Amino acid sequence: MSRRQLERGTPLRGMATDHGSRPLPSDLGAESVPDHGCGVLHVDMDAFFASVEQLERPEARGQPVLVGGTGPRGVVASANYAARAYGIHSAMPMSQARRLCPRALVYPADHERYSQVSAAVRVILESVTPVVEPVSLDEAFLDVSGARARLGGPVWIAEHLRSRIRAEQGLTCSVGIAPNKFVAKLAATHAKPDGVYLVPEAQVQAFLHPLPVGALWGVGPKVEQRLVRLGLHTIADVAAVSPASLRREVGPALGDHLAALARGRDERAVQPASSAEERGLSAECTFARDVADAAVIDRELLRLSERLARRLRTEGQGHAARTVTLKVRRADFTTITRSRTLPEPTDLAREIHATARILYEAAEVSRARLRLVGIRVEGLVVSTQAHRQLTLDATAPDWRGVEQVMDEASRRFGDFALRPASLAQPTGDPAPSGQRSHPGARGHDVPERW
DNA sequence: TCTGGGGTCCTAAACCTC
DNA sequence: TCTGGAGGTTTAGGACCC
């Protein structure tokens, strides 16, 4: 059983803790709860996307709700507990989910709205401690070891946060409390939905050992298979073998990592958001139907390049990327990637697209039917530090200027208010699934057709 | 049966330089 | 001049996470 399965609601076997898995009364005094050596909280919003939709759509209250791709190849991004009762879980194809529960209400994901709610929740979390590490829109780690003297025990802090999130945002969340991040994350799973679970330091091993190997961080279906083949079914089994054997079986890094986790050791500190640096950005698109037309694929590569370049220029302090990676997935689901490192970093769609095009031609997939194309840029440097080659050609077009004008137009009039001519024409090609339309967007030309 | 999108990290081979 | 090892970088792919 994997951790994902645990999260889908399969009950955990194992021990009872001092506090059990149900919420404690929120009026517990700060002094009444010992901390048991636990300074790490994992806060996990319950069925986050679906709950936000329910909050804002009166017709969805009390109904099974699914959020995700509504196209023929969409998958479930979030399902509320009423939908989960039908066996629906995240990452399930939406078509299958609809078959399991035809009366479920299905909404496309509105990431902008979820980001707003997530930011509001984060403000609440940061009112307790500055050491908050967001993991995704719906979960975060908190290090409350510094706040305990001021606010009280970690269970009291968890209940305080839960009641504020419920009162101010109308949403429920679950909180795991433990001495480290790995155990806190598992404890939060155990607390779901709408609960708190604390694993005292002295009981970490007893909590972990009965769990299946799939509950270990870094063990997905492939590694799980290998461990089970070796007769390792539970975390206790993994803890009983030597780190050297694990290293031999799954590689040095993962072997050491699993050996430590299985013994309840996780040295990773809770990193406040500002210290997390971005490594790269990617954008990809699955076509509604497989595509073999090189022109359609090229237009999609341009669209993805535009998106990435704009993000590079406009997010944070502005970045440029040195390496461009093309990803294509054939109709049979085999995936290949090809990458190229540029002589100097770029934040221009024109250059990213040109590189992606070279990689596409070199990959020799021009006659293959593709279901997905994607581009990733990495090796990011802050734009002001990016070395740019000077040109002696005074007549060379100022592409950076052109793209900055497009950024400004997008900011004022909506996404893709200005775009390359080749993206402005009606094409009739299959619409990429999950793509939002931009009703206000009109095609305008730029100095030279791309 | 059908398998999204945006990320991170690890491994291994190939290649280059010393 | 050739060979080999060490070590860094690039490239490709796999696995995992949310």
# chains A, B, ... in the order shown; residues from 1 in each chain; ligands from 1

$ residues_around --residues "region 84-88 of chain A" --least-positions-apart "6" --cutoff "7 Å" --atoms "only C-alpha atoms (C1' of nucleotides)" --output "VMD selection string"
chain A and resid 97 100 to 101

$ write_last_selection --atoms "C-alpha atoms" --output "PDB file, in the first residue's frame"
ATOM      1  CA  ALA A  97     -14.714   9.107 -12.016  1.00  0.00           C
ATOM      2  CA  LEU A 100     -18.327   5.777 -10.730  1.00  0.00           C
ATOM      3  CA  CYS A 101     -20.475   8.745  -9.709  1.00  0.00           C
TER       4      CYS A 101
END

$ interface_residues --of "chain A" --to "chain B" --cutoff "9 Å" --atoms "only C-alpha atoms (C1' of nucleotides)" --output "PyMOL selection string"
chain A and resi 68-69+73-77+91-93+95-96+251+253-254+279-286+333+433-434

$ interface_residues --of "chain C" --to "chain A" --cutoff "8 Å" --atoms "only C-alpha atoms (C1' of nucleotides)" --output "number ranges by chain"
C: 10-13, 15-16, 18

$ write_last_selection --atoms "C-alpha atoms (C1' of nucleotides)" --output "PDB file, in the first residue's frame"
ATOM      1  C1'  DT C  10      25.936  17.827 -20.050  1.00  0.00           C
ATOM      2  C1'  DT C  11      22.393  14.912 -21.507  1.00  0.00           C
ATOM      3  C1'  DA C  12      18.683  11.502 -21.100  1.00  0.00           C
ATOM      4  C1'  DG C  13      15.650   9.119 -18.559  1.00  0.00           C
ATOM      5  C1'  DA C  15      10.886   7.950 -10.268  1.00  0.00           C
ATOM      6  C1'  DC C  16       8.496  10.475  -7.163  1.00  0.00           C
ATOM      7  C1'  DC C  18       1.441  17.268  -4.821  1.00  0.00           C
TER       8       DC C  18
END

$ select_by_dssp --residues "region 92-146 of chain A" --states "strand (DSSP E or B)" --output "list in words"
Pro93, Leu105, Val106, Tyr107, Val132, Glu133, Pro134, Val135, Ser136, Glu139, Ala140, Phe141, Leu142 and Asp143 of chain A

$ decode --residues "chain B" --atoms "N, CA, C and O atoms (P, O5', C5', C4', C3', O3' and C1' of nucleotides)" --output "JSON list (two decimals), in the first residue's frame"
[["chain", "number", "residue", "atom", "x", "y", "z"],
["B", 1, "DT", "P", -9.39, -2.79, -21.93],
["B", 1, "DT", "O5'", -9.95, -1.35, -21.49],
["B", 1, "DT", "C5'", -11.13, -1.09, -20.75],
["B", 1, "DT", "C4'", -11.05, 0.34, -20.29],
["B", 1, "DT", "C3'", -10.30, 1.28, -21.26],
["B", 1, "DT", "O3'", -11.01, 2.50, -21.33],
["B", 1, "DT", "C1'", -9.34, 1.38, -19.11],
["B", 2, "DC", "P", -10.48, 3.54, -22.51],
["B", 2, "DC", "O5'", -9.53, 4.53, -21.68],
["B", 2, "DC", "C5'", -10.01, 5.14, -20.48],
["B", 2, "DC", "C4'", -8.86, 5.82, -19.76],
["B", 2, "DC", "C3'", -7.89, 6.56, -20.71],
["B", 2, "DC", "O3'", -7.91, 7.93, -20.39],
["B", 2, "DC", "C1'", -6.74, 5.37, -19.01],
["B", 3, "DT", "P", -6.78, 8.84, -21.06],
["B", 3, "DT", "O5'", -5.62, 8.80, -19.95],
["B", 3, "DT", "C5'", -5.76, 9.59, -18.79],
["B", 3, "DT", "C4'", -4.64, 9.24, -17.84],
["B", 3, "DT", "C3'", -3.27, 9.75, -18.25],
["B", 3, "DT", "O3'", -3.15, 11.11, -17.90],
["B", 3, "DT", "C1'", -3.09, 7.55, -17.45],
["B", 4, "DG", "P", -2.35, 12.02, -18.92],
["B", 4, "DG", "O5'", -2.67, 13.46, -18.36],
["B", 4, "DG", "C5'", -3.96, 14.04, -18.61],
["B", 4, "DG", "C4'", -3.89, 15.49, -18.23],
["B", 4, "DG", "C3'", -2.58, 16.17, -18.63],
["B", 4, "DG", "O3'", -2.86, 17.51, -18.97],
["B", 4, "DG", "C1'", -2.76, 16.08, -16.27],
["B", 5, "DG", "P", -1.72, 18.38, -19.60],
["B", 5, "DG", "O5'", -1.07, 19.10, -18.35],
["B", 5, "DG", "C5'", -1.87, 19.97, -17.57],
["B", 5, "DG", "C4'", -1.02, 20.56, -16.48],
["B", 5, "DG", "C3'", 0.38, 20.97, -16.94],
["B", 5, "DG", "O3'", 0.62, 22.24, -16.36],
["B", 5, "DG", "C1'", 0.54, 19.51, -15.11],
["B", 6, "DG", "P", 1.82, 23.11, -16.80],
["B", 6, "DG", "O5'", 2.70, 23.12, -15.47],
["B", 6, "DG", "C5'", 2.15, 23.66, -14.29],
["B", 6, "DG", "C4'", 3.10, 23.35, -13.17],
["B", 6, "DG", "C3'", 4.57, 23.62, -13.52],
["B", 6, "DG", "O3'", 5.15, 24.40, -12.50],
["B", 6, "DG", "C1'", 4.31, 21.47, -12.62],
["B", 7, "DG", "P", 6.51, 25.15, -12.72],
["B", 7, "DG", "O5'", 7.34, 24.63, -11.48],
["B", 7, "DG", "C5'", 8.29, 23.63, -11.68],
["B", 7, "DG", "C4'", 8.25, 22.73, -10.48],
["B", 7, "DG", "C3'", 9.61, 22.09, -10.20],
["B", 7, "DG", "O3'", 10.34, 22.95, -9.34],
["B", 7, "DG", "C1'", 7.84, 20.48, -10.07],
["B", 8, "DT", "P", 11.91, 22.83, -9.27],
["B", 8, "DT", "O5'", 12.11, 21.49, -8.44],
["B", 8, "DT", "C5'", 11.57, 21.38, -7.12],
["B", 8, "DT", "C4'", 12.01, 20.04, -6.56],
["B", 8, "DT", "C3'", 13.52, 19.85, -6.68],
["B", 8, "DT", "O3'", 14.07, 19.52, -5.42],
["B", 8, "DT", "C1'", 12.37, 18.01, -7.68],
["B", 9, "DC", "P", 15.64, 19.54, -5.25],
["B", 9, "DC", "O5'", 15.99, 17.99, -5.42],
["B", 9, "DC", "C5'", 15.28, 17.02, -4.67],
["B", 9, "DC", "C4'", 15.63, 15.65, -5.18],
["B", 9, "DC", "C3'", 17.14, 15.46, -5.39],
["B", 9, "DC", "O3'", 17.55, 14.34, -4.62],
["B", 9, "DC", "C1'", 15.90, 14.73, -7.29],
["B", 10, "DC", "P", 19.10, 13.98, -4.50],
["B", 10, "DC", "O5'", 19.16, 12.70, -5.44],
["B", 10, "DC", "C5'", 18.24, 11.63, -5.22],
["B", 10, "DC", "C4'", 18.44, 10.62, -6.32],
["B", 10, "DC", "C3'", 19.91, 10.31, -6.60],
["B", 10, "DC", "O3'", 20.12, 8.92, -6.44],
["B", 10, "DC", "C1'", 18.74, 10.83, -8.62],
["B", 11, "DT", "P", 21.59, 8.31, -6.54],
["B", 11, "DT", "O5'", 21.61, 7.74, -8.02],
["B", 11, "DT", "C5'", 20.52, 6.95, -8.47],
["B", 11, "DT", "C4'", 20.76, 6.58, -9.91],
["B", 11, "DT", "C3'", 22.22, 6.24, -10.23],
["B", 11, "DT", "O3'", 22.25, 4.99, -10.87],
["B", 11, "DT", "C1'", 21.39, 7.87, -11.74],
["B", 12, "DA", "P", 23.64, 4.23, -11.06],
["B", 12, "DA", "O5'", 23.88, 4.36, -12.63],
["B", 12, "DA", "C5'", 22.78, 4.24, -13.51],
["B", 12, "DA", "C4'", 23.21, 4.73, -14.88],
["B", 12, "DA", "C3'", 24.71, 4.52, -15.15],
["B", 12, "DA", "O3'", 24.85, 4.05, -16.47],
["B", 12, "DA", "C1'", 24.18, 6.78, -15.45],
["B", 13, "DA", "P", 26.22, 3.33, -16.94],
["B", 13, "DA", "O5'", 26.36, 3.90, -18.42],
["B", 13, "DA", "C5'", 25.18, 4.19, -19.18],
["B", 13, "DA", "C4'", 25.48, 5.34, -20.10],
["B", 13, "DA", "C3'", 26.88, 5.30, -20.72],
["B", 13, "DA", "O3'", 26.77, 5.49, -22.11],
["B", 13, "DA", "C1'", 26.47, 7.41, -19.69],
["B", 14, "DA", "P", 28.05, 5.33, -23.04],
["B", 14, "DA", "O5'", 28.35, 6.83, -23.47],
["B", 14, "DA", "C5'", 27.26, 7.66, -23.85],
["B", 14, "DA", "C4'", 27.77, 9.08, -23.99],
["B", 14, "DA", "C3'", 29.18, 9.18, -24.59],
["B", 14, "DA", "O3'", 29.14, 10.14, -25.63],
["B", 14, "DA", "C1'", 29.08, 10.37, -22.54],
["B", 15, "DC", "P", 30.39, 10.33, -26.61],
["B", 15, "DC", "O5'", 31.05, 11.64, -26.01],
["B", 15, "DC", "C5'", 30.22, 12.78, -25.76],
["B", 15, "DC", "C4'", 30.99, 13.76, -24.91],
["B", 15, "DC", "C3'", 32.46, 13.93, -25.33],
["B", 15, "DC", "O3'", 32.64, 15.28, -25.72],
["B", 15, "DC", "C1'", 32.22, 13.78, -22.97],
["B", 16, "DC", "P", 34.01, 15.70, -26.46],
["B", 16, "DC", "O5'", 34.68, 16.61, -25.34],
["B", 16, "DC", "C5'", 33.89, 17.58, -24.65],
["B", 16, "DC", "C4'", 34.67, 18.07, -23.45],
["B", 16, "DC", "C3'", 36.16, 18.27, -23.73],
["B", 16, "DC", "O3'", 36.50, 19.62, -23.47],
["B", 16, "DC", "C1'", 35.79, 17.02, -21.72],
["B", 17, "DT", "P", 37.95, 20.13, -23.86],
["B", 17, "DT", "O5'", 38.66, 20.19, -22.43],
["B", 17, "DT", "C5'", 37.95, 20.75, -21.32],
["B", 17, "DT", "C4'", 38.76, 20.53, -20.07],
["B", 17, "DT", "C3'", 40.27, 20.71, -20.26],
["B", 17, "DT", "O3'", 40.76, 21.61, -19.28],
["B", 17, "DT", "C1'", 39.81, 18.64, -19.20],
["B", 18, "DC", "P", 42.28, 22.09, -19.34],
["B", 18, "DC", "O5'", 42.92, 21.33, -18.10],
["B", 18, "DC", "C5'", 42.23, 21.27, -16.86],
["B", 18, "DC", "C4'", 42.91, 20.26, -15.96],
["B", 18, "DC", "C3'", 44.44, 20.30, -16.04],
["B", 18, "DC", "O3'", 44.98, 20.39, -14.74],
["B", 18, "DC", "C1'", 43.64, 18.09, -16.33]]
